[in-house]
Amino acid sequence: MAEPAPGSLKQGLREDGWFTELSTLWPGTGLSLKVDEVLFQGRSDFQDVAVVKTGAFGTVLILDGAIQCTDRDEFSYQEMIAHLPACALGRPPKRALVVGGGDGGVLRELSRHASLEEIHIAEIDGMVIDVSKKYFSQMAVGYSDPRVQVHVCDGIKYVQDAPEGHFDIIVVDSSDPVGPAEVLFQKPFFEAMHRALAPGGIVCTQAESLWYHLDIIKSLASMCSEVFQGGAVQYAFTTIPTYPSGQIGFMVCTKAGEGQPLDAREPRQPLPSSPAGRDYPPLRYYNHDVHRAAFVLPSFGRDALAGSLTKF
């Protein structure tokens, strides 16, 4: 019998029903979940896609053997990656772009901001969108907003082709820097995002764990400081049980505008609310106090990133 493909559900799923998330990005460790049922398993043009039902965390989306989101804790990530940039912006946002994020959770959170006139999503893998609409309705509700425009395409090319200075916010909801998401951590992509941002606009990207990936974060912060000259680069984080180390970070970069660089550590926009007539859950993680606290780093992280983050 052939061995299960690396980076797949089968590789981490034992006969007794326990799934362990394994990766070279967190060697020697692995989060384990008891799987009650495999709801979906397929292979898209880009990656292994699986959905499982668990007793502890509800329905779980797994891409290339890595946990992407669960019913129980997805909101702590989705709310923070969306509202950190949207609420830090110096003006009410009008145009937003999500790169990746096919599960729809970031769309759900951005659509709470009534000022937004356009919300675009560029997701390379249509299977992720289809699976999320079927199995993760609480996140995929974001697709129902009439302001949302869906582009199943290469997110990098979409950003490169975007009009210069078009977006107030760009959120990059990527998986880890391996496979199809690797290019989303490289300088040409950040240069393209900088060009597509309006002056004073903000990029917020998934930026790994301080506990496991400090070298990746240091390299990313250094590169961002080169691209966003005249603006600002900050690092924030949230807690989430099913991500490696129980923590995940965000690189928050602001493009130069008029006057002083924008300090993303301070929220300027009001707390978002649920769109009228929509069955949205209330905000369960994000608030303005959490916003400010998210940028307060432990000493080892603060010291390691001191040379690349903007000082105010």
# chains A, B, ... in the order shown; residues from 1 in each chain; ligands from 1
call {"tool": "residues_around", "arguments": {"residues": "A:Ser308", "least_positions_apart": "2", "cutoff": "6 Å", "atoms": "only C-alpha atoms", "output": "ChimeraX atom specification"}}
result
/A:221-222,305-306
call {"tool": "residues_around", "arguments": {"residues": "A:Glu123", "least_positions_apart": "3", "cutoff": "9 Å", "atoms": "only C-alpha atoms", "output": "ChimeraX atom specification"}}
result
/A:98-102,126,128-129,150-155
call {"tool": "write_last_selection", "arguments": {"atoms": "N, CA and C atoms", "output": "mmCIF file, in the first residue's frame"}}
result
data_model
loop_
_atom_site.group_PDB
_atom_site.id
_atom_site.type_symbol
_atom_site.label_atom_id
_atom_site.label_comp_id
_atom_site.auth_asym_id
_atom_site.auth_seq_id
_atom_site.Cartn_x
_atom_site.Cartn_y
_atom_site.Cartn_z
ATOM 1 N N VAL A 98 -9.116 41.384 0.166
ATOM 2 C CA VAL A 98 -8.651 40.215 0.905
ATOM 3 C C VAL A 98 -7.938 39.303 -0.078
ATOM 4 N N VAL A 99 -6.697 38.962 0.220
ATOM 5 C CA VAL A 99 -5.948 37.995 -0.581
ATOM 6 C C VAL A 99 -5.916 36.697 0.200
ATOM 7 N N GLY A 100 -6.400 35.612 -0.415
ATOM 8 C CA GLY A 100 -6.620 34.375 0.323
ATOM 9 C C GLY A 100 -7.949 34.477 1.049
ATOM 10 N N GLY A 101 -8.026 33.827 2.207
ATOM 11 C CA GLY A 101 -9.247 33.962 3.012
ATOM 12 C C GLY A 101 -10.475 33.330 2.401
ATOM 13 N N GLY A 102 -10.286 32.229 1.669
ATOM 14 C CA GLY A 102 -11.418 31.612 0.977
ATOM 15 C C GLY A 102 -12.519 31.107 1.875
ATOM 16 N N GLY A 126 -10.610 27.767 -5.784
ATOM 17 C CA GLY A 126 -12.069 27.768 -5.742
ATOM 18 C C GLY A 126 -12.651 26.659 -4.896
ATOM 19 N N VAL A 128 -11.659 25.733 -1.965
ATOM 20 C CA VAL A 128 -11.753 26.227 -0.588
ATOM 21 C C VAL A 128 -13.032 27.041 -0.407
ATOM 22 N N ILE A 129 -13.359 27.868 -1.384
ATOM 23 C CA ILE A 129 -14.588 28.667 -1.305
ATOM 24 C C ILE A 129 -15.815 27.762 -1.274
ATOM 25 N N VAL A 150 -16.007 38.541 -5.819
ATOM 26 C CA VAL A 150 -15.148 37.373 -5.700
ATOM 27 C C VAL A 150 -14.339 37.186 -6.979
ATOM 28 N N HIS A 151 -13.026 37.015 -6.811
ATOM 29 C CA HIS A 151 -12.123 36.781 -7.941
ATOM 30 C C HIS A 151 -11.339 35.501 -7.641
ATOM 31 N N VAL A 152 -11.648 34.424 -8.338
ATOM 32 C CA VAL A 152 -10.907 33.179 -8.170
ATOM 33 C C VAL A 152 -9.711 33.268 -9.106
ATOM 34 N N CYS A 153 -8.565 33.627 -8.534
ATOM 35 C CA CYS A 153 -7.403 33.930 -9.359
ATOM 36 C C CYS A 153 -6.150 33.972 -8.496
ATOM 37 N N ASP A 154 -5.026 34.167 -9.138
ATOM 38 C CA ASP A 154 -3.756 34.357 -8.468
ATOM 39 C C ASP A 154 -3.784 35.711 -7.763
ATOM 40 N N GLY A 155 -3.692 35.689 -6.428
ATOM 41 C CA GLY A 155 -3.784 36.932 -5.675
ATOM 42 C C GLY A 155 -2.672 37.907 -5.989
#
call {"tool": "closest_atom_pairs", "arguments": {"of": "stretch 72-175 of chain A", "to": "stretch 268-291 of chain A", "cutoff": "10 Å", "atoms": "only C-alpha atoms", "output": "JSON lines"}}
result
{"residue": "A:Asp73", "atom": "CA", "partner": "A:Tyr285", "partner_atom": "CA", "distance": 9.8}
{"residue": "A:Phe75", "atom": "CA", "partner": "A:Tyr285", "partner_atom": "CA", "distance": 6.9}
{"residue": "A:Ser76", "atom": "CA", "partner": "A:Tyr285", "partner_atom": "CA", "distance": 5.4}
{"residue": "A:Tyr77", "atom": "CA", "partner": "A:Tyr285", "partner_atom": "CA", "distance": 8.7}
{"residue": "A:Gln78", "atom": "CA", "partner": "A:Tyr285", "partner_atom": "CA", "distance": 9.4}
{"residue": "A:Glu79", "atom": "CA", "partner": "A:Tyr286", "partner_atom": "CA", "distance": 6.0}
{"residue": "A:Met80", "atom": "CA", "partner": "A:Tyr286", "partner_atom": "CA", "distance": 6.1}
{"residue": "A:Ile81", "atom": "CA", "partner": "A:Tyr286", "partner_atom": "CA", "distance": 9.8}
{"residue": "A:Ala82", "atom": "CA", "partner": "A:Tyr286", "partner_atom": "CA", "distance": 9.7}
{"residue": "A:His83", "atom": "CA", "partner": "A:Tyr286", "partner_atom": "CA", "distance": 7.4}
{"residue": "A:Leu84", "atom": "CA", "partner": "A:His291", "partner_atom": "CA", "distance": 6.4}
{"residue": "A:Pro85", "atom": "CA", "partner": "A:His291", "partner_atom": "CA", "distance": 9.8}
{"residue": "A:Ala86", "atom": "CA", "partner": "A:Gln269", "partner_atom": "CA", "distance": 7.4}
{"residue": "A:Cys87", "atom": "CA", "partner": "A:Gln269", "partner_atom": "CA", "distance": 4.5}
{"residue": "A:Ala88", "atom": "CA", "partner": "A:Arg268", "partner_atom": "CA", "distance": 5.2}
{"residue": "A:Leu89", "atom": "CA", "partner": "A:Arg268", "partner_atom": "CA", "distance": 6.5}
{"residue": "A:Gly90", "atom": "CA", "partner": "A:Arg268", "partner_atom": "CA", "distance": 6.3}
{"residue": "A:Arg91", "atom": "CA", "partner": "A:Gln269", "partner_atom": "CA", "distance": 7.5}
{"residue": "A:Pro92", "atom": "CA", "partner": "A:Gln269", "partner_atom": "CA", "distance": 6.8}
{"residue": "A:Pro93", "atom": "CA", "partner": "A:Gln269", "partner_atom": "CA", "distance": 9.1}
{"residue": "A:Arg108", "atom": "CA", "partner": "A:Tyr280", "partner_atom": "CA", "distance": 8.1}
{"residue": "A:Glu109", "atom": "CA", "partner": "A:Pro272", "partner_atom": "CA", "distance": 8.4}
{"residue": "A:Leu110", "atom": "CA", "partner": "A:Pro272", "partner_atom": "CA", "distance": 8.6}
{"residue": "A:Ser111", "atom": "CA", "partner": "A:Pro275", "partner_atom": "CA", "distance": 7.2}
{"residue": "A:Arg112", "atom": "CA", "partner": "A:Ser274", "partner_atom": "CA", "distance": 5.2}
{"residue": "A:His113", "atom": "CA", "partner": "A:Pro272", "partner_atom": "CA", "distance": 5.4}
{"residue": "A:Ala114", "atom": "CA", "partner": "A:Pro275", "partner_atom": "CA", "distance": 7.5}
{"residue": "A:Ser115", "atom": "CA", "partner": "A:Pro272", "partner_atom": "CA", "distance": 10.0}
{"residue": "A:Gln138", "atom": "CA", "partner": "A:Tyr280", "partner_atom": "CA", "distance": 7.8}
{"residue": "A:Met139", "atom": "CA", "partner": "A:Tyr280", "partner_atom": "CA", "distance": 9.2}
{"residue": "A:Val141", "atom": "CA", "partner": "A:Tyr280", "partner_atom": "CA", "distance": 7.9}
{"residue": "A:Gly142", "atom": "CA", "partner": "A:Tyr280", "partner_atom": "CA", "distance": 9.1}
{"residue": "A:Ser144", "atom": "CA", "partner": "A:Arg278", "partner_atom": "CA", "distance": 9.3}
{"residue": "A:Asp145", "atom": "CA", "partner": "A:Pro275", "partner_atom": "CA", "distance": 8.9}
call {"tool": "residues_around", "arguments": {"residues": "A:Val148", "least_positions_apart": "5", "cutoff": "8 Å", "atoms": "only C-alpha atoms", "output": "ChimeraX atom specification"}}
result
/A:107,118-121,142-143
call {"tool": "select_by_dssp", "arguments": {"residues": "stretch 25-207 of chain A", "states": "alpha helix (DSSP H)", "output": "ChimeraX atom specification"}}
result
/A:74-88,105-110,126-135,137-140,155-161,187-196
call {"tool": "select_by_dssp", "arguments": {"residues": "stretch 56-302 of chain A", "states": "strand (DSSP E or B)", "output": "ChimeraX atom specification"}}
result
/A:58-63,66-70,95-100,118-123,148-152,167-173,197-206,232-239,247-254
call {"tool": "closest_residue", "arguments": {"among": "A:Val296, A:Ile156, A:Val131, A:Ile240", "to": "A:Val172", "atoms": "only C-alpha atoms"}}
result
A:Ile156
call {"tool": "closest_residue", "arguments": {"among": "A:Glu226, A:Asp168, A:Asp130, A:Glu208", "to": "A:Gly307", "atoms": "only C-alpha atoms"}}
result
A:Glu226
call {"tool": "closest_atom_pairs", "arguments": {"of": "stretch 55-164 of chain A", "to": "stretch 41-51 of chain A", "cutoff": "10 Å", "atoms": "only C-alpha atoms", "output": "tab-separated table"}}
result
residue	atom	partner	partner_atom	distance
A:Thr59	CA	A:Val51	CA	6.9
A:Val60	CA	A:Val51	CA	5.6
A:Leu61	CA	A:Val51	CA	4.7
A:Ile62	CA	A:Ala50	CA	5.1
A:Leu63	CA	A:Val49	CA	4.9
A:Asp64	CA	A:Asp48	CA	4.7
A:Gly65	CA	A:Asp48	CA	7.4
A:Ala66	CA	A:Asp48	CA	9.7
A:Ile67	CA	A:Ala50	CA	9.5
A:Cys69	CA	A:Val51	CA	10.0
A:Thr70	CA	A:Val51	CA	9.7
A:Ile124	CA	A:Phe46	CA	8.3
A:Asp125	CA	A:Phe46	CA	6.9
A:Gly126	CA	A:Ser44	CA	8.3
A:Met127	CA	A:Ser44	CA	6.3
A:Val128	CA	A:Val49	CA	7.3
A:Val131	CA	A:Val51	CA	8.1
A:Ser132	CA	A:Val51	CA	9.0
A:Tyr135	CA	A:Val51	CA	7.8
A:Phe136	CA	A:Val51	CA	9.6
call {"tool": "write_last_selection", "arguments": {"atoms": "N, CA and C atoms", "output": "mmCIF file, in the first residue's frame"}}
result
data_model
loop_
_atom_site.group_PDB
_atom_site.id
_atom_site.type_symbol
_atom_site.label_atom_id
_atom_site.label_comp_id
_atom_site.auth_asym_id
_atom_site.auth_seq_id
_atom_site.Cartn_x
_atom_site.Cartn_y
_atom_site.Cartn_z
ATOM 1 N N THR A 59 -16.383 21.705 13.520
ATOM 2 C CA THR A 59 -15.915 21.421 12.168
ATOM 3 C C THR A 59 -14.576 22.120 11.937
ATOM 4 N N VAL A 60 -13.657 21.412 11.278
ATOM 5 C CA VAL A 60 -12.286 21.893 11.107
ATOM 6 C C VAL A 60 -11.905 21.826 9.630
ATOM 7 N N LEU A 61 -11.333 22.908 9.105
ATOM 8 C CA LEU A 61 -10.800 22.941 7.746
ATOM 9 C C LEU A 61 -9.301 22.685 7.800
ATOM 10 N N ILE A 62 -8.836 21.715 7.005
ATOM 11 C CA ILE A 62 -7.432 21.325 6.982
ATOM 12 C C ILE A 62 -6.927 21.410 5.548
ATOM 13 N N LEU A 63 -5.883 22.202 5.313
ATOM 14 C CA LEU A 63 -5.280 22.336 3.988
ATOM 15 C C LEU A 63 -3.847 21.827 4.039
ATOM 16 N N ASP A 64 -3.517 20.890 3.159
ATOM 17 C CA ASP A 64 -2.184 20.293 3.129
ATOM 18 C C ASP A 64 -1.743 19.822 4.513
ATOM 19 N N GLY A 65 -2.684 19.272 5.264
ATOM 20 C CA GLY A 65 -2.373 18.707 6.568
ATOM 21 C C GLY A 65 -2.269 19.708 7.695
ATOM 22 N N ALA A 66 -2.516 20.997 7.417
ATOM 23 C CA ALA A 66 -2.417 22.044 8.435
ATOM 24 C C ALA A 66 -3.798 22.616 8.751
ATOM 25 N N ILE A 67 -4.099 22.739 10.031
ATOM 26 C CA ILE A 67 -5.385 23.275 10.469
ATOM 27 C C ILE A 67 -5.480 24.755 10.086
ATOM 28 N N CYS A 69 -8.855 26.567 10.201
ATOM 29 C CA CYS A 69 -9.863 27.206 11.044
ATOM 30 C C CYS A 69 -10.765 26.144 11.646
ATOM 31 N N THR A 70 -11.378 26.498 12.782
ATOM 32 C CA THR A 70 -12.334 25.617 13.439
ATOM 33 C C THR A 70 -13.531 26.441 13.891
ATOM 34 N N ILE A 124 -7.062 31.958 -4.757
ATOM 35 C CA ILE A 124 -6.584 31.141 -5.868
ATOM 36 C C ILE A 124 -7.312 29.806 -5.982
ATOM 37 N N ASP A 125 -7.864 29.307 -4.870
ATOM 38 C CA ASP A 125 -8.405 27.944 -4.842
ATOM 39 C C ASP A 125 -9.920 27.962 -4.682
ATOM 40 N N GLY A 126 -10.610 27.767 -5.784
ATOM 41 C CA GLY A 126 -12.069 27.768 -5.742
ATOM 42 C C GLY A 126 -12.651 26.659 -4.896
ATOM 43 N N MET A 127 -11.926 25.556 -4.732
ATOM 44 C CA MET A 127 -12.433 24.461 -3.909
ATOM 45 C C MET A 127 -12.583 24.901 -2.459
ATOM 46 N N VAL A 128 -11.659 25.733 -1.965
ATOM 47 C CA VAL A 128 -11.753 26.227 -0.588
ATOM 48 C C VAL A 128 -13.032 27.041 -0.407
ATOM 49 N N VAL A 131 -16.105 24.542 -0.501
ATOM 50 C CA VAL A 131 -16.163 23.723 0.713
ATOM 51 C C VAL A 131 -16.590 24.570 1.909
ATOM 52 N N SER A 132 -16.092 25.793 1.979
ATOM 53 C CA SER A 132 -16.429 26.660 3.115
ATOM 54 C C SER A 132 -17.901 27.043 3.094
ATOM 55 N N TYR A 135 -19.703 23.845 4.461
ATOM 56 C CA TYR A 135 -19.457 23.321 5.804
ATOM 57 C C TYR A 135 -19.198 24.394 6.867
ATOM 58 N N PHE A 136 -18.968 25.641 6.454
ATOM 59 C CA PHE A 136 -18.642 26.701 7.418
ATOM 60 C C PHE A 136 -19.524 27.928 7.172
#
call {"tool": "residues_around", "arguments": {"residues": "A:Phe57", "least_positions_apart": "5", "cutoff": "10 Å", "atoms": "only C-alpha atoms", "output": "VMD selection string"}}
result
chain A and resid 33 to 35 69 to 74 241 to 242
call {"tool": "write_last_selection", "arguments": {"atoms": "N, CA, C and O atoms", "output": "short mmCIF file (atom, residue, chain, number, x, y, z; two decimals), in the first residue's frame"}}
result
data_model
loop_
_atom_site.label_atom_id
_atom_site.label_comp_id
_atom_site.auth_asym_id
_atom_site.auth_seq_id
_atom_site.Cartn_x
_atom_site.Cartn_y
_atom_site.Cartn_z
N LEU A 33 -6.18 16.28 17.47
CA LEU A 33 -7.63 16.39 17.66
C LEU A 33 -8.26 15.03 17.38
O LEU A 33 -7.87 14.34 16.43
N LYS A 34 -9.26 14.66 18.17
CA LYS A 34 -10.00 13.42 17.93
C LYS A 34 -11.06 13.70 16.86
O LYS A 34 -11.92 14.55 17.03
N VAL A 35 -10.94 13.00 15.75
CA VAL A 35 -11.85 13.19 14.62
C VAL A 35 -13.01 12.22 14.73
O VAL A 35 -12.82 11.00 14.82
N CYS A 69 -8.86 26.57 10.20
CA CYS A 69 -9.86 27.21 11.04
C CYS A 69 -10.77 26.14 11.65
O CYS A 69 -10.90 25.04 11.11
N THR A 70 -11.38 26.50 12.78
CA THR A 70 -12.33 25.62 13.44
C THR A 70 -13.53 26.44 13.89
O THR A 70 -13.42 27.65 14.11
N ASP A 71 -14.66 25.77 14.06
CA ASP A 71 -15.87 26.45 14.53
C ASP A 71 -15.63 27.18 15.85
O ASP A 71 -16.13 28.27 16.08
N ARG A 72 -14.87 26.56 16.73
CA ARG A 72 -14.78 27.04 18.11
C ARG A 72 -13.93 28.30 18.26
O ARG A 72 -14.27 29.17 19.08
N ASP A 73 -12.83 28.43 17.51
CA ASP A 73 -11.92 29.54 17.80
C ASP A 73 -11.61 30.44 16.60
O ASP A 73 -10.77 31.33 16.71
N GLU A 74 -12.26 30.24 15.45
CA GLU A 74 -11.92 31.04 14.27
C GLU A 74 -12.05 32.53 14.48
O GLU A 74 -11.31 33.33 13.90
N PRO A 241 -6.28 28.71 20.13
CA PRO A 241 -5.82 27.40 20.61
C PRO A 241 -5.32 26.45 19.52
O PRO A 241 -4.40 25.67 19.77
N THR A 242 -5.92 26.47 18.33
CA THR A 242 -5.58 25.45 17.34
C THR A 242 -4.52 25.88 16.34
O THR A 242 -4.26 25.17 15.37
#
call {"tool": "closest_residue", "arguments": {"among": "A:Ala122, A:Lys187, A:Ala196, A:Asp161", "to": "A:Ser174", "atoms": "only C-alpha atoms"}}
result
A:Ala122
call {"tool": "residues_around", "arguments": {"residues": "A:Leu184", "least_positions_apart": "3", "cutoff": "12 Å", "atoms": "only C-alpha atoms", "output": "compact mmCIF listing (two decimals) with all heavy atoms, in the first residue's frame"}}
result
# COMPACT_ATOMS: atom_id res chain seq x y z
N VAL A 99 -6.70 38.96 0.22
CA VAL A 99 -5.95 37.99 -0.58
C VAL A 99 -5.92 36.70 0.20
O VAL A 99 -5.47 36.66 1.35
CB VAL A 99 -4.52 38.49 -0.87
CG1 VAL A 99 -3.75 37.44 -1.67
CG2 VAL A 99 -4.55 39.82 -1.62
N GLY A 100 -6.40 35.61 -0.42
CA GLY A 100 -6.62 34.37 0.32
C GLY A 100 -7.95 34.48 1.05
O GLY A 100 -8.89 35.10 0.57
N ILE A 124 -7.06 31.96 -4.76
CA ILE A 124 -6.58 31.14 -5.87
C ILE A 124 -7.31 29.81 -5.98
O ILE A 124 -7.41 29.23 -7.07
CB ILE A 124 -5.06 30.92 -5.74
CG1 ILE A 124 -4.48 30.44 -7.08
CG2 ILE A 124 -4.74 29.95 -4.60
CD1 ILE A 124 -2.96 30.43 -7.12
N ASP A 154 -5.03 34.17 -9.14
CA ASP A 154 -3.76 34.36 -8.47
C ASP A 154 -3.78 35.71 -7.76
O ASP A 154 -3.87 36.76 -8.41
CB ASP A 154 -2.63 34.31 -9.50
CG ASP A 154 -1.25 34.50 -8.92
OD1 ASP A 154 -1.14 34.86 -7.73
OD2 ASP A 154 -0.27 34.30 -9.65
N GLY A 155 -3.69 35.69 -6.43
CA GLY A 155 -3.78 36.93 -5.67
C GLY A 155 -2.67 37.91 -5.99
O GLY A 155 -2.88 39.13 -6.00
N ILE A 156 -1.48 37.39 -6.27
CA ILE A 156 -0.37 38.29 -6.60
C ILE A 156 -0.65 39.03 -7.89
O ILE A 156 -0.48 40.26 -7.97
CB ILE A 156 0.95 37.48 -6.72
CG1 ILE A 156 1.33 36.91 -5.37
CG2 ILE A 156 2.07 38.36 -7.26
CD1 ILE A 156 2.59 36.10 -5.40
N LYS A 157 -1.10 38.32 -8.90
CA LYS A 157 -1.39 38.99 -10.18
C LYS A 157 -2.53 39.99 -10.02
O LYS A 157 -2.51 41.07 -10.62
CB LYS A 157 -1.74 37.97 -11.25
CG LYS A 157 -1.85 38.60 -12.65
CD LYS A 157 -2.06 37.55 -13.72
CE LYS A 157 -1.94 38.18 -15.11
NZ LYS A 157 -2.80 39.37 -15.28
N VAL A 159 -3.24 41.76 -7.38
CA VAL A 159 -2.68 42.96 -6.75
C VAL A 159 -1.83 43.74 -7.75
O VAL A 159 -1.89 44.97 -7.82
CB VAL A 159 -1.86 42.58 -5.51
CG1 VAL A 159 -1.13 43.80 -4.95
CG2 VAL A 159 -2.77 41.99 -4.44
N VAL A 171 -5.88 42.93 3.28
CA VAL A 171 -5.69 41.87 4.28
C VAL A 171 -5.21 40.62 3.57
O VAL A 171 -5.85 40.16 2.61
CB VAL A 171 -6.99 41.57 5.05
CG1 VAL A 171 -6.79 40.39 5.99
CG2 VAL A 171 -7.46 42.80 5.81
N VAL A 172 -4.08 40.08 4.01
CA VAL A 172 -3.54 38.87 3.41
C VAL A 172 -3.75 37.73 4.40
O VAL A 172 -3.01 37.58 5.37
CB VAL A 172 -2.05 39.01 3.05
CG1 VAL A 172 -1.57 37.75 2.34
CG2 VAL A 172 -1.83 40.25 2.18
N ASP A 173 -4.78 36.94 4.15
CA ASP A 173 -5.12 35.81 5.01
C ASP A 173 -4.54 34.56 4.38
O ASP A 173 -5.23 33.77 3.75
CB ASP A 173 -6.64 35.71 5.15
CG ASP A 173 -7.07 34.54 6.02
OD1 ASP A 173 -6.22 33.98 6.72
OD2 ASP A 173 -8.27 34.19 5.98
N SER A 174 -3.25 34.39 4.55
CA SER A 174 -2.54 33.29 3.89
C SER A 174 -2.28 32.15 4.87
O SER A 174 -2.31 32.32 6.08
CB SER A 174 -1.20 33.78 3.33
OG SER A 174 -0.33 34.10 4.40
N SER A 175 -2.02 30.99 4.30
CA SER A 175 -1.53 29.88 5.11
C SER A 175 -0.03 30.07 5.31
O SER A 175 0.54 31.12 4.98
CB SER A 175 -1.86 28.54 4.43
OG SER A 175 -1.45 28.54 3.08
N ASP A 176 0.64 29.06 5.86
CA ASP A 176 2.06 29.19 6.18
C ASP A 176 2.91 29.31 4.91
O ASP A 176 2.48 28.92 3.82
CB ASP A 176 2.50 27.98 7.02
CG ASP A 176 1.78 27.93 8.35
OD1 ASP A 176 1.82 28.94 9.07
OD2 ASP A 176 1.17 26.89 8.66
N PRO A 177 4.14 29.85 5.02
CA PRO A 177 4.97 30.13 3.85
C PRO A 177 5.59 28.89 3.21
O PRO A 177 6.80 28.79 3.04
CB PRO A 177 6.04 31.07 4.40
CG PRO A 177 6.16 30.72 5.83
CD PRO A 177 4.77 30.35 6.26
N VAL A 178 4.74 27.94 2.87
CA VAL A 178 5.14 26.76 2.10
C VAL A 178 4.07 26.52 1.05
O VAL A 178 2.92 26.92 1.22
CB VAL A 178 5.30 25.51 3.00
CG1 VAL A 178 6.47 25.66 3.94
CG2 VAL A 178 4.02 25.23 3.79
N GLY A 179 4.42 25.87 -0.04
CA GLY A 179 3.44 25.58 -1.08
C GLY A 179 2.94 26.85 -1.75
O GLY A 179 3.70 27.81 -1.97
N PRO A 180 1.64 26.91 -2.10
CA PRO A 180 1.13 28.03 -2.89
C PRO A 180 1.20 29.37 -2.16
O PRO A 180 1.15 30.43 -2.80
CB PRO A 180 -0.33 27.63 -3.17
CG PRO A 180 -0.67 26.61 -2.15
CD PRO A 180 0.60 25.89 -1.85
N ALA A 181 1.33 29.36 -0.83
CA ALA A 181 1.35 30.62 -0.08
C ALA A 181 2.75 31.21 0.08
O ALA A 181 2.89 32.34 0.55
CB ALA A 181 0.73 30.41 1.30
N LYS A 187 9.19 39.80 -1.21
CA LYS A 187 9.25 41.25 -1.43
C LYS A 187 8.45 41.73 -2.64
O LYS A 187 7.76 42.76 -2.54
CB LYS A 187 10.70 41.70 -1.53
CG LYS A 187 10.87 43.22 -1.50
CD LYS A 187 12.33 43.61 -1.42
CE LYS A 187 12.49 45.12 -1.28
NZ LYS A 187 13.93 45.51 -1.14
N PRO A 188 8.49 41.06 -3.79
CA PRO A 188 7.71 41.56 -4.93
C PRO A 188 6.23 41.71 -4.64
O PRO A 188 5.59 42.65 -5.12
CB PRO A 188 7.98 40.51 -6.02
CG PRO A 188 9.31 39.95 -5.67
CD PRO A 188 9.34 39.91 -4.16
N PHE A 189 5.68 40.80 -3.84
CA PHE A 189 4.27 40.90 -3.49
C PHE A 189 4.01 42.11 -2.61
O PHE A 189 3.03 42.84 -2.79
CB PHE A 189 3.81 39.61 -2.80
CG PHE A 189 2.37 39.63 -2.37
CD1 PHE A 189 1.36 39.89 -3.28
CD2 PHE A 189 2.02 39.37 -1.06
CE1 PHE A 189 0.03 39.90 -2.89
CE2 PHE A 189 0.70 39.39 -0.64
CZ PHE A 189 -0.30 39.65 -1.57
N PHE A 190 4.88 42.36 -1.65
CA PHE A 190 4.69 43.52 -0.77
C PHE A 190 4.88 44.82 -1.53
O PHE A 190 4.19 45.81 -1.26
CB PHE A 190 5.63 43.43 0.43
CG PHE A 190 5.12 42.53 1.51
CD1 PHE A 190 5.27 41.15 1.40
CD2 PHE A 190 4.46 43.04 2.62
CE1 PHE A 190 4.78 40.30 2.38
CE2 PHE A 190 3.96 42.20 3.60
CZ PHE A 190 4.12 40.83 3.49
N GLU A 191 5.77 44.83 -2.50
CA GLU A 191 5.93 46.02 -3.34
C GLU A 191 4.66 46.28 -4.16
O GLU A 191 4.24 47.44 -4.32
CB GLU A 191 7.14 45.86 -4.25
CG GLU A 191 8.46 45.90 -3.50
CD GLU A 191 9.65 45.58 -4.38
OE1 GLU A 191 9.48 44.84 -5.38
OE2 GLU A 191 10.76 46.03 -4.06
N ALA A 192 4.05 45.20 -4.65
CA ALA A 192 2.80 45.35 -5.40
C ALA A 192 1.67 45.85 -4.50
O ALA A 192 0.85 46.68 -4.92
CB ALA A 192 2.43 44.01 -6.05
N MET A 193 1.62 45.36 -3.27
CA MET A 193 0.58 45.84 -2.34
C MET A 193 0.79 47.31 -2.00
O MET A 193 -0.17 48.09 -1.93
CB MET A 193 0.58 44.99 -1.07
CG MET A 193 0.03 43.60 -1.26
SD MET A 193 -0.39 42.78 0.30
CE MET A 193 1.24 42.54 1.02
N THR A 205 -1.06 41.37 7.29
CA THR A 205 -0.80 40.02 6.80
C THR A 205 -0.63 39.04 7.96
O THR A 205 -0.15 39.41 9.03
CB THR A 205 0.48 39.97 5.95
OG1 THR A 205 1.63 40.08 6.79
CG2 THR A 205 0.49 41.09 4.93
N GLN A 206 -1.00 37.80 7.71
CA GLN A 206 -0.71 36.72 8.65
C GLN A 206 0.81 36.62 8.77
O GLN A 206 1.51 36.55 7.78
CB GLN A 206 -1.30 35.41 8.13
CG GLN A 206 -1.22 34.24 9.09
CD GLN A 206 0.09 33.48 9.00
OE1 GLN A 206 0.92 33.57 9.90
NE2 GLN A 206 0.30 32.74 7.93
N ALA A 207 1.33 36.63 10.00
CA ALA A 207 2.78 36.71 10.18
C ALA A 207 3.31 35.76 11.25
O ALA A 207 4.19 36.11 12.03
CB ALA A 207 3.20 38.15 10.48
N LEU A 220 10.72 39.15 7.64
CA LEU A 220 9.55 39.81 7.07
C LEU A 220 9.47 41.27 7.50
O LEU A 220 9.21 42.17 6.69
CB LEU A 220 8.28 39.05 7.49
CG LEU A 220 6.96 39.52 6.90
CD1 LEU A 220 6.95 39.36 5.39
CD2 LEU A 220 5.80 38.72 7.51
